[in-house]
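This report concerns only the one structure given below.
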Amino acid sequence: MRTPEEIAQHLVQHIGHIFKRPLMYGGNAAGVDLILDENLALWAFVVGRDRDFLQVRNAELQNQECGSANFSTRYQMKHPSATDQENVEYVVRCWQSVVRALDLTPTSMHA
């Protein structure tokens, strides 16, 4: 069985892989948004930083003026003619901001 530290490290690496090839993992902007949210929430649970994660995520949602929407829905509403690639790039930037605020450094984050 894996230790919590091994699980947390695996999740951080996986998040980095998602940042590098988001559409491969999420399929579209909404999927990328969801998979990053879920992986980061799971990481936060494993390391006991649930509240930190929620505070940082909610602050970024507020900074992006998402209201009750997630990042991909907000971008789609404000930019209805945008391509899915543009939406994915926005979603990834938002989640990278969350990751930086949590002091995580996935190896593939800036690739």
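Please note that chains go A, B, ... in the order of the structure tokens, that every chain numbers its residues from 1, and that ligands are numbered from 1 in the order shown.
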With only C-alpha atoms as the counted atoms, please give the residues lying no more than 12 Å from stretch 57-61 of chain A, apart from itself and same-chain residues fewer than 2 positions off, as a compact mmCIF listing (two decimals) with C-alpha atoms, in the first residue's frame.
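Written out: out07.txt:
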```txt
# COMPACT_ATOMS: atom_id res chain seq x y z
CA ASP A 33 -11.47 22.14 -15.55
CA LEU A 36 -7.77 19.60 -12.41
CA ASP A 37 -10.33 20.48 -9.74
CA GLU A 38 -10.72 16.84 -8.71
CA LEU A 40 -6.18 19.12 -6.65
CA ALA A 41 -9.04 18.42 -4.24
CA ALA A 44 -5.48 18.58 -0.65
CA ASP A 50 -8.63 20.85 2.23
CA ARG A 51 -9.43 24.29 3.62
CA ASP A 52 -6.37 25.88 2.00
CA PHE A 53 -7.39 24.43 -1.35
CA LEU A 54 -10.98 25.64 -1.07
CA GLN A 55 -9.88 29.13 -0.02
CA ASN A 63 -10.68 37.05 -9.05
CA GLN A 64 -11.88 35.75 -12.42
CA GLU A 65 -15.45 36.95 -11.69
CA CYS A 66 -16.88 33.47 -12.18
CA GLY A 67 -19.88 33.89 -9.91
CA SER A 68 -21.32 30.40 -9.51
CA ALA A 69 -19.65 29.14 -12.70
CA ASN A 70 -16.36 27.30 -13.03
CA PHE A 71 -13.45 28.65 -15.09
CA SER A 72 -14.43 27.04 -18.39
CA THR A 73 -18.07 28.09 -18.17
CA ARG A 74 -17.12 31.66 -17.26
CA TYR A 75 -14.76 31.93 -20.24
CA VAL A 91 -8.59 27.16 -17.70
CA ARG A 93 -3.76 29.49 -16.53
CA CYS A 94 -6.40 29.75 -13.79
CA TRP A 95 -5.48 26.40 -12.28
CA GLN A 96 -1.78 27.18 -12.53
CA SER A 97 -2.50 30.27 -10.46
CA VAL A 98 -4.22 28.08 -7.86
CA VAL A 99 -1.28 25.67 -7.84
CA ARG A 100 1.24 28.49 -7.38
CA ALA A 101 -0.79 29.91 -4.50
CA LEU A 102 -0.66 26.47 -2.85
```
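Taking the backbone of this structure through DSSP, the residues of stretch 54-87 of chain A that come out as alpha helix (DSSP H) are Leu54, Gln55, Val56, Arg57, Asn58, Ala59, Glu60, Leu61, Gln62, Asn63, Phe71, Ser72, Thr73, Arg74, Tyr75, Gln76, Met77, Lys78, Asp84, Gln85, Glu86 and Asn87 of chain A.
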For N, CA and C atoms, I'd like the residues from the last selection saved as a compact mmCIF listing (two decimals), in the first residue's frame.
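Once written, again.txt looks like this:
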```
# COMPACT_ATOMS: atom_id res chain seq x y z
N LEU A 54 -9.69 24.99 -0.83
CA LEU A 54 -10.98 25.64 -1.07
C LEU A 54 -10.85 27.16 -1.04
N GLN A 55 -10.07 27.68 -0.11
CA GLN A 55 -9.88 29.13 -0.02
C GLN A 55 -9.17 29.67 -1.26
N VAL A 56 -8.11 28.99 -1.68
CA VAL A 56 -7.35 29.46 -2.84
C VAL A 56 -8.18 29.33 -4.11
N ARG A 57 -8.84 28.18 -4.28
CA ARG A 57 -9.68 27.99 -5.48
C ARG A 57 -10.79 29.03 -5.52
N ASN A 58 -11.46 29.23 -4.41
CA ASN A 58 -12.56 30.19 -4.38
C ASN A 58 -12.08 31.62 -4.61
N ALA A 59 -10.89 31.94 -4.11
CA ALA A 59 -10.32 33.27 -4.35
C ALA A 59 -10.04 33.47 -5.84
N GLU A 60 -9.51 32.44 -6.51
CA GLU A 60 -9.25 32.56 -7.94
C GLU A 60 -10.56 32.65 -8.73
N LEU A 61 -11.55 31.88 -8.34
CA LEU A 61 -12.87 31.99 -8.99
C LEU A 61 -13.41 33.41 -8.84
N GLN A 62 -13.24 33.98 -7.67
CA GLN A 62 -13.70 35.35 -7.43
C GLN A 62 -12.87 36.34 -8.24
N ASN A 63 -11.56 36.15 -8.26
CA ASN A 63 -10.68 37.05 -9.05
C ASN A 63 -11.06 37.03 -10.53
N PHE A 71 -14.28 27.85 -14.18
CA PHE A 71 -13.45 28.65 -15.09
C PHE A 71 -13.87 28.48 -16.55
N SER A 72 -14.11 27.26 -16.98
CA SER A 72 -14.43 27.04 -18.39
C SER A 72 -15.78 27.64 -18.77
N THR A 73 -16.75 27.53 -17.89
CA THR A 73 -18.07 28.09 -18.17
C THR A 73 -18.01 29.62 -18.22
N ARG A 74 -17.27 30.20 -17.29
CA ARG A 74 -17.12 31.66 -17.26
C ARG A 74 -16.50 32.15 -18.57
N TYR A 75 -15.43 31.48 -19.02
CA TYR A 75 -14.76 31.93 -20.24
C TYR A 75 -15.69 31.78 -21.45
N GLN A 76 -16.41 30.69 -21.50
CA GLN A 76 -17.34 30.46 -22.61
C GLN A 76 -18.45 31.50 -22.63
N MET A 77 -18.95 31.88 -21.46
CA MET A 77 -20.00 32.89 -21.39
C MET A 77 -19.50 34.26 -21.83
N LYS A 78 -18.27 34.61 -21.43
CA LYS A 78 -17.74 35.94 -21.76
C LYS A 78 -17.10 36.01 -23.15
N ASP A 84 -12.28 26.11 -28.38
CA ASP A 84 -12.09 25.30 -27.19
C ASP A 84 -10.63 25.38 -26.74
N GLN A 85 -9.70 25.48 -27.68
CA GLN A 85 -8.28 25.61 -27.33
C GLN A 85 -8.04 26.89 -26.51
N GLU A 86 -8.66 27.99 -26.90
CA GLU A 86 -8.52 29.23 -26.14
C GLU A 86 -9.10 29.07 -24.73
N ASN A 87 -10.23 28.39 -24.66
CA ASN A 87 -10.86 28.14 -23.36
C ASN A 87 -9.96 27.26 -22.50
```
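Candidate residues A:Val92, A:His79, A:Leu104, A:Leu42 were compared for distance to A:Pro22, and the nearest is A:Val92, using only C-alpha atoms.
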Interatomic distance between atom CA of A:Trp43 and atom CA of A:Val12?
7.4 Å
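Reported to one decimal place, the separation of atom CA of A:Val88 from atom CA of A:Leu23 is 7.7 Å.
Reported to one decimal place, the separation of atom CA of A:Ile7 from atom CA of A:Met24 is 21.9 Å.
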